[in-house]
file coords_10.cif (mmCIF, C-alpha atoms)
data_query
loop_
_atom_site.label_atom_id
_atom_site.label_comp_id
_atom_site.auth_asym_id
_atom_site.auth_seq_id
_atom_site.Cartn_x
_atom_site.Cartn_y
_atom_site.Cartn_z
CA MET A 1 21.40 -4.67 80.42
CA GLU A 2 17.86 -5.81 81.20
CA VAL A 3 17.13 -2.45 82.80
CA VAL A 4 18.33 -0.61 79.68
CA TRP A 5 16.20 -2.88 77.48
CA ALA A 6 13.16 -2.29 79.68
CA VAL A 7 13.68 1.47 79.66
CA GLY A 8 14.07 1.42 75.87
CA GLN A 9 10.81 -0.50 75.45
CA VAL A 10 8.94 1.93 77.68
CA TRP A 11 10.44 4.87 75.81
CA LEU A 12 9.42 3.50 72.39
CA ALA A 13 5.93 2.68 73.70
CA VAL A 14 5.50 6.27 74.93
CA VAL A 15 6.81 7.71 71.67
CA LEU A 16 4.65 5.47 69.50
CA GLY A 17 1.48 5.67 71.59
CA LEU A 18 1.44 9.31 72.65
CA VAL A 19 3.25 11.09 69.83
CA MET A 20 3.81 9.12 66.62
CA LEU A 21 0.39 7.52 66.09
CA PRO A 22 -1.62 10.70 66.89
CA SER A 23 0.61 12.74 64.59
CA ALA A 24 0.35 10.17 61.80
CA LEU A 25 -3.45 10.23 62.09
CA GLY A 26 -3.52 14.02 62.24
CA ILE A 27 -5.08 14.20 65.71
CA SER A 28 -3.94 15.81 68.96
CA LEU A 29 -4.11 14.47 72.50
CA GLY A 30 -3.66 17.96 73.94
CA ILE A 31 -0.07 17.39 75.07
CA SER A 32 1.37 19.99 72.70
CA GLU A 33 -1.26 22.54 73.72
CA ALA A 34 -0.51 22.00 77.42
CA TYR A 35 3.24 22.30 76.77
CA MET A 36 2.78 25.56 74.87
CA TRP A 37 0.56 26.98 77.64
CA VAL A 38 3.21 26.23 80.28
CA LEU A 39 5.92 27.63 77.99
CA VAL A 40 4.05 30.89 77.34
CA LYS A 41 3.40 31.43 81.05
CA THR A 42 7.06 30.71 81.86
CA LEU A 43 8.35 33.19 79.28
CA GLU A 44 5.90 35.84 80.45
CA TRP A 45 7.11 35.38 84.04
CA ALA A 46 10.75 35.49 82.89
CA THR A 47 10.13 38.73 80.97
CA ILE A 48 8.64 40.39 84.07
CA ARG A 49 11.55 39.24 86.24
CA LEU A 50 14.00 40.45 83.60
CA GLN A 51 12.41 43.90 83.44
CA LYS A 52 12.39 44.26 87.23
CA GLY A 53 16.00 43.14 87.51
CA ALA A 54 17.12 45.46 84.71
CA LYS A 55 15.58 48.45 86.48
CA LYS A 56 17.51 47.63 89.66
CA LEU A 57 20.81 47.14 87.85
CA GLN A 58 20.47 50.03 85.42
CA PRO A 59 17.76 52.41 86.65
CA GLN A 60 18.88 55.20 84.36
CA MET A 61 19.75 53.15 81.26
CA PRO A 62 17.32 50.24 80.85
CA ARG A 63 18.38 47.81 78.16
CA THR A 64 15.47 47.32 75.79
CA PRO A 65 16.59 45.86 72.47
CA THR A 66 14.71 46.99 69.44
CA ALA A 67 14.04 45.13 66.23
CA ASN A 68 14.47 48.34 64.24
CA GLY A 69 18.27 48.31 64.40
CA ILE A 70 20.73 50.81 65.82
CA ILE A 71 20.10 53.59 63.28
CA GLU A 72 16.98 55.72 63.09
CA ARG A 73 16.72 56.11 59.34
CA ASP A 74 15.02 58.84 57.38
CA GLU A 75 12.73 56.99 54.96
CA THR A 76 12.31 59.96 52.58
CA PRO A 77 12.90 58.73 49.00
CA MET A 78 16.09 59.94 47.33
CA GLU A 79 14.11 61.69 44.57
CA LYS A 80 12.40 63.99 47.09
CA GLU A 81 15.61 64.74 48.96
CA ILE A 82 17.43 65.57 45.73
CA ALA A 83 14.56 67.83 44.68
CA LEU A 84 14.80 69.73 47.97
CA LEU A 85 18.57 70.02 47.73
CA HIS A 86 18.71 71.31 44.20
CA ARG A 87 16.32 74.22 44.22
CA ALA A 88 19.36 76.27 43.17
CA ASP A 89 22.65 75.45 41.48
CA PHE A 90 24.81 72.71 42.92
CA GLU A 91 26.52 73.53 46.21
CA PHE A 92 29.30 71.62 47.95
CA SER A 93 27.06 71.03 50.98
CA HIS A 94 24.77 68.86 48.85
CA ILE A 95 27.20 65.94 49.17
CA PHE A 96 26.30 65.59 52.85
CA TYR A 97 23.19 63.66 51.84
CA PHE A 98 25.36 60.99 50.22
CA CYS A 99 27.85 61.09 53.11
CA ARG A 100 25.02 60.36 55.55
CA LYS A 101 23.68 57.51 53.42
CA GLY A 102 27.19 56.10 53.11
CA PHE A 103 27.78 56.14 56.86
CA GLU A 104 24.40 54.48 57.44
CA ALA A 105 25.28 51.73 54.97
CA ILE A 106 28.68 51.14 56.60
CA VAL A 107 27.32 50.98 60.16
CA GLU A 108 24.17 49.01 59.37
CA ASP A 109 23.08 48.39 55.80
CA GLU A 110 19.65 46.96 55.05
CA VAL A 111 20.95 43.83 53.31
CA THR A 112 23.57 42.04 55.40
CA GLN A 113 21.53 42.39 58.59
CA ARG A 114 18.87 40.19 56.92
CA PHE A 115 21.36 37.31 57.07
CA SER A 116 21.72 37.32 60.86
CA SER A 117 19.24 36.14 63.48
CA GLU A 118 16.28 38.35 64.24
CA GLU A 119 16.69 40.55 67.34
CA LEU A 120 14.40 39.63 70.24
CA LEU A 121 12.64 42.18 72.39
CA SER A 122 13.09 40.03 75.47
CA TRP A 123 15.25 37.08 76.55
CA ASN A 124 13.56 33.74 75.81
CA LEU A 125 15.68 31.65 78.23
CA LEU A 126 17.47 29.99 75.31
CA THR A 127 20.66 32.01 75.10
CA ARG A 128 22.39 34.61 77.25
CA THR A 129 22.85 37.55 74.91
CA ASN A 130 23.54 39.98 77.76
CA VAL A 131 25.99 39.40 80.63
CA ASN A 132 23.52 41.01 83.02
CA PHE A 133 21.25 37.98 82.63
CA HIS A 134 23.69 35.98 84.76
CA TYR A 135 22.97 38.03 87.87
CA ILE A 136 19.54 39.58 87.49
CA SER A 137 17.65 36.99 89.51
CA LEU A 138 18.51 33.72 91.24
CA ARG A 139 15.06 32.32 90.45
CA LEU A 140 15.50 33.29 86.79
CA THR A 141 18.81 31.44 86.68
CA VAL A 142 17.25 28.37 88.32
CA VAL A 143 14.45 28.34 85.74
CA TRP A 144 17.03 28.66 82.95
CA VAL A 145 18.97 25.66 84.31
CA ILE A 146 15.77 23.62 84.56
CA GLY A 147 15.00 24.61 80.96
CA VAL A 148 18.42 23.40 79.80
CA ILE A 149 17.84 20.03 81.51
CA VAL A 150 14.37 19.69 79.97
CA ARG A 151 15.50 20.65 76.47
CA TYR A 152 18.67 18.54 76.34
CA CYS A 153 17.77 15.56 78.54
CA PHE A 154 14.13 15.03 77.56
CA LEU A 155 13.07 16.99 74.47
CA LEU A 156 16.24 16.36 72.44
CA PRO A 157 16.12 12.52 72.76
CA LEU A 158 12.37 12.57 72.05
CA ARG A 159 12.77 14.78 69.00
CA PHE A 160 15.74 12.80 67.71
CA THR A 161 13.74 9.58 68.01
CA LEU A 162 10.78 11.08 66.14
CA ALA A 163 13.04 12.53 63.45
CA ALA A 164 14.72 9.16 62.92
CA ILE A 165 11.33 7.43 62.68
CA GLY A 166 9.99 10.09 60.30
CA ILE A 167 12.99 10.02 57.95
CA THR A 168 13.17 6.21 57.95
CA SER A 169 9.43 5.97 57.27
CA MET A 170 9.77 8.46 54.42
CA ILE A 171 12.57 6.50 52.75
CA VAL A 172 10.97 3.07 53.22
CA GLY A 173 7.43 4.22 52.41
CA THR A 174 8.28 6.10 49.21
CA THR A 175 10.56 3.28 48.04
CA LEU A 176 7.75 0.74 48.42
CA VAL A 177 5.15 3.00 46.81
CA GLY A 178 7.58 3.69 43.99
CA GLN A 179 7.48 0.02 42.98
CA LEU A 180 3.79 0.29 42.07
CA PRO A 181 2.70 1.08 38.50
CA ASN A 182 1.56 4.62 37.80
CA SER A 183 -2.08 4.92 38.80
CA SER A 184 -4.44 6.88 41.03
CA VAL A 185 -3.77 4.34 43.81
CA LYS A 186 -0.03 5.05 43.66
CA ASN A 187 -0.65 8.80 43.79
CA TYR A 188 -2.98 8.41 46.77
CA LEU A 189 -0.53 6.23 48.70
CA SER A 190 2.31 8.63 47.89
CA GLU A 191 0.36 11.54 49.34
CA VAL A 192 -0.48 9.50 52.45
CA VAL A 193 3.19 8.67 53.01
CA HIS A 194 4.34 12.28 52.51
CA LEU A 195 1.63 13.72 54.78
CA THR A 196 2.17 11.13 57.51
CA CYS A 197 5.95 11.48 57.60
CA SER A 198 5.77 15.28 57.46
CA ARG A 199 3.43 15.32 60.46
CA ILE A 200 5.85 13.13 62.39
CA LEU A 201 8.74 15.44 61.50
CA VAL A 202 6.74 18.49 62.59
CA ARG A 203 6.15 16.82 65.96
CA ALA A 204 9.90 16.18 66.11
CA LEU A 205 10.29 19.98 66.10
CA SER A 206 7.48 20.53 68.62
CA GLY A 207 5.86 22.45 65.81
CA THR A 208 2.75 24.54 66.35
CA ILE A 209 1.53 25.77 62.97
CA HIS A 210 -1.48 27.98 62.29
CA TYR A 211 -2.80 27.76 58.72
CA HIS A 212 -4.99 30.61 57.50
CA ASN A 213 -7.32 30.91 54.49
CA LYS A 214 -7.19 27.22 53.60
CA GLU A 215 -9.63 27.80 50.77
CA ASN A 216 -6.67 29.29 48.85
CA ARG A 217 -4.46 26.21 49.15
CA PRO A 218 -2.45 25.45 45.99
CA GLN A 219 -4.16 23.20 43.47
CA LYS A 220 -2.73 20.61 41.10
CA GLY A 221 -1.12 22.02 37.99
CA GLY A 222 -0.19 25.24 39.79
CA ILE A 223 2.96 26.76 41.26
CA CYS A 224 3.26 27.52 44.97
CA VAL A 225 5.79 30.26 45.83
CA ALA A 226 6.72 31.25 49.37
CA ASN A 227 9.26 33.32 51.26
CA HIS A 228 12.21 31.30 52.54
CA THR A 229 13.52 31.26 56.11
CA SER A 230 14.61 27.69 56.75
CA PRO A 231 14.99 24.24 55.18
CA ILE A 232 12.02 23.17 57.32
CA ASP A 233 9.74 25.49 55.30
CA ALA A 234 9.02 22.56 52.99
CA ILE A 235 8.06 20.32 55.93
CA ILE A 236 5.84 23.07 57.37
CA LEU A 237 3.91 23.32 54.09
CA THR A 238 3.83 19.57 53.36
CA ASN A 239 2.26 19.05 56.79
CA ASP A 240 -0.94 20.54 55.32
CA GLY A 241 -0.74 19.30 51.74
CA CYS A 242 1.52 17.56 49.24
CA TYR A 243 3.82 19.32 46.78
CA ALA A 244 6.29 18.44 44.08
CA MET A 245 9.63 19.82 45.25
CA VAL A 246 12.11 21.56 42.98
CA GLY A 247 15.78 21.64 43.84
CA GLN A 248 19.35 20.58 43.25
CA VAL A 249 20.52 16.99 43.62
CA HIS A 250 22.38 16.44 46.89
CA GLY A 251 24.57 13.71 48.30
CA GLY A 252 24.58 11.99 51.68
CA LEU A 253 21.35 11.48 53.62
CA MET A 254 19.58 14.21 51.68
CA GLY A 255 20.47 12.45 48.44
CA VAL A 256 19.06 9.15 49.74
CA ILE A 257 15.79 10.90 50.61
CA GLN A 258 15.64 12.59 47.20
CA ARG A 259 16.20 9.36 45.28
CA ALA A 260 13.57 7.55 47.35
CA THR A 261 10.86 10.24 47.18
CA VAL A 262 11.18 10.85 43.45
CA LYS A 263 10.15 7.23 42.82
CA ALA A 264 6.75 7.85 44.43
CA CYS A 265 6.18 11.54 43.68
CA PRO A 266 7.01 13.69 40.61
CA HIS A 267 9.61 15.87 42.31
CA VAL A 268 11.92 17.79 40.00
CA TRP A 269 15.57 17.37 40.98
CA PHE A 270 18.33 18.95 38.90
CA GLU A 271 22.01 18.18 38.63
CA ARG A 272 24.34 21.07 39.41
CA SER A 273 25.22 21.48 35.72
CA GLU A 274 21.51 21.55 34.78
CA MET A 275 20.70 24.23 37.37
CA LYS A 276 22.94 26.64 35.45
CA ASP A 277 20.90 26.08 32.28
CA ARG A 278 17.88 28.32 32.90
CA HIS A 279 16.16 27.25 29.68
CA LEU A 280 16.38 23.56 30.61
CA VAL A 281 14.97 24.25 34.07
CA THR A 282 12.12 26.29 32.61
CA LYS A 283 11.35 23.56 30.06
CA ARG A 284 11.09 20.81 32.68
CA LEU A 285 8.93 22.94 34.96
CA ARG A 286 6.58 23.85 32.11
CA GLU A 287 6.17 20.17 31.28
CA HIS A 288 5.25 19.50 34.90
CA VAL A 289 2.74 22.37 35.12
CA ALA A 290 1.13 21.32 31.81
CA ASP A 291 0.01 18.04 33.44
CA LYS A 292 -2.95 19.08 35.60
CA SER A 293 -2.93 15.72 37.38
CA LYS A 294 0.47 16.40 38.99
CA LEU A 295 0.96 18.01 42.38
CA PRO A 296 1.61 21.77 42.58
CA ILE A 297 5.27 22.72 42.37
CA LEU A 298 6.78 24.29 45.50
CA ILE A 299 9.39 26.97 44.78
CA PHE A 300 11.23 29.46 47.01
CA PRO A 301 12.09 32.25 44.52
CA GLU A 302 14.50 34.07 46.86
CA GLY A 303 16.96 31.21 46.41
CA THR A 304 18.39 31.54 49.94
CA CYS A 305 17.23 31.78 53.54
CA ILE A 306 16.31 35.24 54.90
CA ASN A 307 16.02 35.93 58.62
CA ASN A 308 12.23 36.01 59.02
CA THR A 309 12.03 39.82 58.91
CA SER A 310 12.08 40.53 55.18
CA VAL A 311 11.33 39.32 51.68
CA MET A 312 14.12 39.88 49.16
CA MET A 313 14.14 39.78 45.37
CA PHE A 314 12.19 36.98 43.72
CA LYS A 315 14.08 35.49 40.79
CA LYS A 316 12.00 35.76 37.64
CA GLY A 317 12.49 32.16 36.43
CA SER A 318 9.55 30.85 38.48
CA PHE A 319 7.26 33.43 36.89
CA GLU A 320 8.22 32.74 33.26
CA ILE A 321 6.71 29.25 33.33
CA GLY A 322 3.10 30.32 33.04
CA GLY A 323 0.11 28.89 34.85
CA THR A 324 -1.41 29.96 38.14
CA ILE A 325 0.77 31.19 41.01
CA TYR A 326 -0.35 30.40 44.57
CA PRO A 327 1.50 32.76 46.96
CA VAL A 328 2.13 31.62 50.55
CA ALA A 329 3.47 33.77 53.39
CA ILE A 330 5.35 32.08 56.26
CA LYS A 331 6.16 33.93 59.47
CA TYR A 332 7.88 32.25 62.44
CA ASP A 333 7.55 33.40 66.05
CA PRO A 334 11.17 33.92 67.19
CA GLN A 335 10.15 33.96 70.86
CA PHE A 336 10.09 30.15 70.97
CA GLY A 337 13.01 29.37 68.69
CA ASP A 338 15.06 30.81 65.85
CA ALA A 339 14.10 28.97 62.66
CA PHE A 340 16.43 30.99 60.43
CA TRP A 341 19.33 29.02 58.92
CA ASN A 342 22.46 31.11 58.55
CA SER A 343 24.19 28.69 56.18
CA SER A 344 27.36 30.79 56.12
CA LYS A 345 27.74 30.38 59.88
CA TYR A 346 26.24 26.97 60.72
CA ASN A 347 26.34 23.69 58.81
CA ILE A 348 23.16 21.65 58.56
CA VAL A 349 24.03 19.43 61.56
CA SER A 350 24.67 22.42 63.85
CA TYR A 351 21.50 24.08 62.60
CA LEU A 352 19.33 21.02 63.28
CA LEU A 353 20.84 20.70 66.76
CA ARG A 354 19.91 24.32 67.47
CA ILE A 355 16.38 23.71 66.20
CA MET A 356 15.90 20.53 68.22
CA THR A 357 17.15 22.13 71.43
CA SER A 358 14.88 25.18 71.13
CA TRP A 359 11.57 25.43 72.97
CA ALA A 360 9.38 24.90 69.92
CA ILE A 361 8.81 25.99 66.32
CA VAL A 362 5.75 28.22 66.11
CA CYS A 363 4.67 29.84 62.86
CA ASN A 364 1.76 31.21 60.87
CA VAL A 365 1.09 30.23 57.27
CA TRP A 366 -1.19 32.33 55.08
CA TYR A 367 -2.53 31.00 51.77
CA LEU A 368 -3.08 34.00 49.51
CA PRO A 369 -5.55 34.15 46.60
CA PRO A 370 -4.14 32.72 43.36
CA MET A 371 -2.50 35.17 40.96
CA VAL A 372 -1.93 35.07 37.21
CA ARG A 373 0.34 37.13 35.01
CA LYS A 374 -1.35 40.09 33.34
CA GLU A 375 -1.05 40.75 29.63
CA ASP A 376 1.00 43.92 30.08
CA GLU A 377 3.32 42.41 32.74
CA ASP A 378 6.74 40.93 32.22
CA ALA A 379 8.13 38.22 34.49
CA VAL A 380 9.98 40.70 36.74
CA GLN A 381 6.90 42.85 37.33
CA PHE A 382 4.80 39.77 38.07
CA ALA A 383 7.42 38.49 40.52
CA ASN A 384 7.49 41.86 42.31
CA ARG A 385 3.69 41.91 42.56
CA VAL A 386 3.64 38.45 44.14
CA LYS A 387 6.49 39.39 46.47
CA SER A 388 4.63 42.50 47.63
CA ALA A 389 1.51 40.48 48.42
CA ILE A 390 3.52 37.98 50.50
CA ALA A 391 5.36 40.76 52.35
CA ARG A 392 2.14 42.59 53.24
CA GLN A 393 0.41 39.48 54.51
CA GLY A 394 3.36 38.23 56.57
CA GLY A 395 4.22 41.63 58.01
CA LEU A 396 7.65 41.45 56.40
CA THR A 397 9.87 44.21 55.02
CA GLU A 398 10.03 44.21 51.22
CA LEU A 399 13.53 44.68 49.80
CA PRO A 400 14.60 44.88 46.14
CA TRP A 401 18.02 43.30 46.74
CA ASP A 402 19.09 39.88 45.48
CA GLY A 403 19.52 37.29 48.22
CA GLY A 404 22.64 36.18 46.36
CA LEU A 405 24.42 39.09 48.07
CA LYS A 406 24.65 36.74 51.05
CA ARG A 407 27.76 35.28 49.41
CA ALA A 408 28.59 37.64 46.53
CA LYS A 409 29.50 41.27 46.00
CA VAL A 410 27.18 43.85 44.52
CA LYS A 411 27.14 43.64 40.74
CA ASP A 412 28.56 46.56 38.78
CA THR A 413 25.23 46.86 36.96
CA PHE A 414 23.52 47.71 40.28
CA LYS A 415 26.02 50.51 40.92
CA GLU A 416 25.65 51.82 37.39
CA GLU A 417 21.87 51.81 37.73
CA GLN A 418 22.05 53.99 40.85
CA GLN A 419 24.47 56.35 39.11
CA LYS A 420 22.11 56.68 36.14
CA ASN A 421 19.15 57.35 38.45
CA TYR A 422 21.07 60.09 40.22
CA SER A 423 22.17 61.73 36.95
CA LYS A 424 18.57 61.72 35.69
CA MET A 425 17.40 63.38 38.88
CA LEU A 426 20.07 66.07 38.58
CA VAL A 427 19.02 66.85 35.01
CA ARG A 428 15.31 66.78 35.86
CA ASN A 429 15.77 69.17 38.78
CA GLY A 430 17.79 71.65 36.75
CA SER A 431 21.07 71.24 38.57
CA VAL A 432 22.88 70.31 35.36
CA GLY A 433 22.65 72.30 32.17
#
call {"tool": "encode", "arguments": {"input": "coords_10.cif", "output": "structure tokens"}}
result
Amino acid sequence: MEVVWAVGQVWLAVVLGLVMLPSALGISLGISEAYMWVLVKTLEWATIRLQKGAKKLQPQMPRTPTANGIIERDETPMEKEIALLHRADFEFSHIFYFCRKGFEAIVEDEVTQRFSSEELLSWNLLTRTNVNFHYISLRLTVVWVIGVIVRYCFLLPLRFTLAAIGITSMIVGTTLVGQLPNSSVKNYLSEVVHLTCSRILVRALSGTIHYHNKENRPQKGGICVANHTSPIDAIILTNDGCYAMVGQVHGGLMGVIQRATVKACPHVWFERSEMKDRHLVTKRLREHVADKSKLPILIFPEGTCINNTSVMMFKKGSFEIGGTIYPVAIKYDPQFGDAFWNSSKYNIVSYLLRIMTSWAIVCNVWYLPPMVRKEDEDAVQFANRVKSAIARQGGLTELPWDGGLKRAKVKDTFKEEQQKNYSKMLVRNGSVG
């Protein structure tokens, strides 16, 4: 018992002295940098060994996964293809264009694949996605076993300890600050608590975050919109500045955190019944934005997590509020860990376990120049313009589809719209009438 107590004391002293205090103060002792250097070198060595082994096992058919999918698509717009097809009257062979598009959609459509983990170009020693990895190299297998021991026996306990400290500090700190009367002192202390706890939580994920163009960081009274890959997106952004969160009221531990943080910071939490009332949501957000002393609102307009390769439709509600929009692009490096949360496959506990047993969370965050709605723009056009800017900066594919298709079928209105577009093209090209 005394030995366990002594080991526990040493463990807490190491965590507090080498990790927690430096992260709370926003400084680095160089441990994370050294860890990332060793990790990069290890993965580079593993990639070389993997390539050599693959050539020996399959000299004629090397396995080189591609992030482009299994179909080589023709990106010619439908309008151009229809124009080429219908130089004369309609012929039966013209339906082959739609047959090809239909087969492509059945085998690999461009929507559902955005809700599965991003394909890696090379094995990152985290999972065995190919049975050949078992036998390619003895040294590669030994390194993989050592990695499992390091991740589960050392990094997981360390990260769990830091996460527990960060969450507890967040609840206690915001509860205490919430007892103070509204003043500039309360706002300052609230920001200190949020920043400090977020930095601790980022260290709990072995996070390495590169922030670009900090001069464009969201300002008070504005709205920050970003693409959405993971629940940790909010922590990634709060690590560099404070925001007022917008979201639905939850139960359990998440509900405890929400109730504690809202006492110290003007977060906007909605009941499930209120979330369905778009006018009520818009009204409360406008009231928040109208107060220029309040923190910028953080919103993820996609409404669901996308797999770090694309940006899907931005819901227009965030762009009907008015005020200045501060776009932010977030791009994770999947080589070190998969940050995407497939909520239809993993619950939050399983997801966090996967995150905490990965090598690290590495990402880039770009602050884009602020944008305002033009006089001749409606909310949908403004949302699409912001989405395009985020997609270009993050190197992400821009898709017009609603992320709600993750759990719902395609609306009949979408089908009717495509039918109308096709009929207009037929008339315009002289194939009808």
call {"tool": "residues_around", "arguments": {"input": "coords_10.cif", "residues": "range 201-209 of chain A", "least_positions_apart": "2", "cutoff": "9 Å", "atoms": "only C-alpha atoms", "output": "CSV table (one decimal) with C-alpha atoms, keeping the file's coordinate frame"}}
result
chain,number,residue,atom,x,y,z
A,19,VAL,CA,3.2,11.1,69.8
A,20,MET,CA,3.8,9.1,66.6
A,23,SER,CA,0.6,12.7,64.6
A,32,SER,CA,1.4,20.0,72.7
A,33,GLU,CA,-1.3,22.5,73.7
A,36,MET,CA,2.8,25.6,74.9
A,155,LEU,CA,13.1,17.0,74.5
A,156,LEU,CA,16.2,16.4,72.4
A,158,LEU,CA,12.4,12.6,72.0
A,159,ARG,CA,12.8,14.8,69.0
A,160,PHE,CA,15.7,12.8,67.7
A,161,THR,CA,13.7,9.6,68.0
A,162,LEU,CA,10.8,11.1,66.1
A,163,ALA,CA,13.0,12.5,63.4
A,164,ALA,CA,14.7,9.2,62.9
A,165,ILE,CA,11.3,7.4,62.7
A,166,GLY,CA,10.0,10.1,60.3
A,167,ILE,CA,13.0,10.0,58.0
A,196,THR,CA,2.2,11.1,57.5
A,197,CYS,CA,6.0,11.5,57.6
A,198,SER,CA,5.8,15.3,57.5
A,199,ARG,CA,3.4,15.3,60.5
A,211,TYR,CA,-2.8,27.8,58.7
A,232,ILE,CA,12.0,23.2,57.3
A,235,ILE,CA,8.1,20.3,55.9
A,236,ILE,CA,5.8,23.1,57.4
A,239,ASN,CA,2.3,19.0,56.8
A,355,ILE,CA,16.4,23.7,66.2
A,356,MET,CA,15.9,20.5,68.2
A,357,THR,CA,17.2,22.1,71.4
A,358,SER,CA,14.9,25.2,71.1
A,359,TRP,CA,11.6,25.4,73.0
A,360,ALA,CA,9.4,24.9,69.9
A,361,ILE,CA,8.8,26.0,66.3
A,362,VAL,CA,5.8,28.2,66.1
A,363,CYS,CA,4.7,29.8,62.9
A,364,ASN,CA,1.8,31.2,60.9
A,365,VAL,CA,1.1,30.2,57.3
call {"tool": "residues_near_point", "arguments": {"input": "coords_10.cif", "point": "(5.5, 12.0, 43.4)", "cutoff": "10 Å", "atoms": "all atoms listed in the file", "output": "list of chain:residue names"}}
result
A:Thr174, A:Val177, A:Gly178, A:Lys186, A:Asn187, A:Tyr188, A:Leu189, A:Ser190, A:Glu191, A:His194, A:Cys242, A:Tyr243, A:Ala244, A:Met245, A:Thr261, A:Val262, A:Lys263, A:Ala264, A:Cys265, A:Pro266, A:His267, A:Val268, A:Lys294, A:Leu295
call {"tool": "resolve_selection", "arguments": {"input": "coords_10.cif", "expression": "the PyMOL selection byres ((chain A and resi 300) around 9)", "output": "list in words"}}
result
Cys224, Val225, Ala226, Asn227, His228, Val246, Leu298, Ile299, Pro301, Glu302, Gly303, Thr304, Phe314 and Ser318 of chain A
call {"tool": "residues_around", "arguments": {"input": "coords_10.cif", "residues": "Ala339 in chain A", "least_positions_apart": "3", "cutoff": "9 Å", "atoms": "all atoms listed in the file", "output": "PyMOL selection string"}}
result
chain A and resi 117+229-232+307-308+332-334+351+354-355+361
call {"tool": "atom_distance", "arguments": {"input": "coords_10.cif", "atom1": "CA of Lys41 in chain A", "atom2": "CA of Val150 in chain A"}}
result
16.1 Å
call {"tool": "residues_around", "arguments": {"input": "coords_10.cif", "residues": "Thr47 in chain A", "least_positions_apart": "6", "cutoff": "10 Å", "atoms": "only C-alpha atoms", "output": "ChimeraX atom specification"}}
result
/A:41,53,121-125,140
call {"tool": "write_last_selection", "arguments": {"input": "coords_10.cif", "atoms": "C-alpha atoms", "output": "tab-separated table (two decimals), in the coordinates of the input"}}
result
chain	number	residue	atom	x	y	z
A	41	LYS	CA	3.40	31.43	81.05
A	53	GLY	CA	16.00	43.14	87.51
A	121	LEU	CA	12.64	42.18	72.39
A	122	SER	CA	13.09	40.03	75.47
A	123	TRP	CA	15.25	37.08	76.55
A	124	ASN	CA	13.56	33.74	75.81
A	125	LEU	CA	15.68	31.65	78.23
A	140	LEU	CA	15.50	33.29	86.79
call {"tool": "atom_distance", "arguments": {"input": "coords_10.cif", "atom1": "CA of Pro296 in chain A", "atom2": "CA of Ile223 in chain A"}}
result
5.3 Å
call {"tool": "closest_residue", "arguments": {"input": "coords_10.cif", "among": "A:Val328, A:Ala391, A:Glu377, A:Gly317", "to": "Arg217 in chain A", "atoms": "all atoms listed in the file"}}
result
A:Val328
call {"tool": "atom_distance", "arguments": {"input": "coords_10.cif", "atom1": "CA of Gly403 in chain A", "atom2": "CA of Met312 in chain A"}}
result
6.1 Å
call {"tool": "resolve_selection", "arguments": {"input": "coords_10.cif", "expression": "the PyMOL selection byres ((chain A and resi 249) around 12)", "output": "list in words"}}
result
Met245, Val246, Gly247, Gln248, His250, Gly251, Gly252, Leu253, Met254, Gly255, Val256, Ile257, Gln258, Arg259, Val262, His267, Val268, Trp269, Phe270, Glu271, Arg272, Ser273, Glu274 and Met275 of chain A
call {"tool": "write_last_selection", "arguments": {"input": "coords_10.cif", "atoms": "C-alpha atoms", "output": "PDB file, in the frame of the given file"}}
result
ATOM      1  CA  MET A 245       9.630  19.820  45.250  1.00  0.00           C
ATOM      2  CA  VAL A 246      12.110  21.560  42.980  1.00  0.00           C
ATOM      3  CA  GLY A 247      15.780  21.640  43.840  1.00  0.00           C
ATOM      4  CA  GLN A 248      19.350  20.580  43.250  1.00  0.00           C
ATOM      5  CA  HIS A 250      22.380  16.440  46.890  1.00  0.00           C
ATOM      6  CA  GLY A 251      24.570  13.710  48.300  1.00  0.00           C
ATOM      7  CA  GLY A 252      24.580  11.990  51.680  1.00  0.00           C
ATOM      8  CA  LEU A 253      21.350  11.480  53.620  1.00  0.00           C
ATOM      9  CA  MET A 254      19.580  14.210  51.680  1.00  0.00           C
ATOM     10  CA  GLY A 255      20.470  12.450  48.440  1.00  0.00           C
ATOM     11  CA  VAL A 256      19.060   9.150  49.740  1.00  0.00           C
ATOM     12  CA  ILE A 257      15.790  10.900  50.610  1.00  0.00           C
ATOM     13  CA  GLN A 258      15.640  12.590  47.200  1.00  0.00           C
ATOM     14  CA  ARG A 259      16.200   9.360  45.280  1.00  0.00           C
ATOM     15  CA  VAL A 262      11.180  10.850  43.450  1.00  0.00           C
ATOM     16  CA  HIS A 267       9.610  15.870  42.310  1.00  0.00           C
ATOM     17  CA  VAL A 268      11.920  17.790  40.000  1.00  0.00           C
ATOM     18  CA  TRP A 269      15.570  17.370  40.980  1.00  0.00           C
ATOM     19  CA  PHE A 270      18.330  18.950  38.900  1.00  0.00           C
ATOM     20  CA  GLU A 271      22.010  18.180  38.630  1.00  0.00           C
ATOM     21  CA  ARG A 272      24.340  21.070  39.410  1.00  0.00           C
ATOM     22  CA  SER A 273      25.220  21.480  35.720  1.00  0.00           C
ATOM     23  CA  GLU A 274      21.510  21.550  34.780  1.00  0.00           C
ATOM     24  CA  MET A 275      20.700  24.230  37.370  1.00  0.00           C
TER      25      MET A 275
END
call {"tool": "closest_residue", "arguments": {"input": "coords_10.cif", "among": "A:Ala6, A:Gly404, A:Ala329, A:Met371", "to": "Asn213 in chain A", "atoms": "all atoms listed in the file"}}
result
A:Ala329
call {"tool": "resolve_selection", "arguments": {"input": "coords_10.cif", "expression": "the PyMOL selection byres ((chain A and resi 398) around 8)", "output": "MDAnalysis selection string"}}
result
chainID A and resid 310:312 387:388 391 396:397 399:400
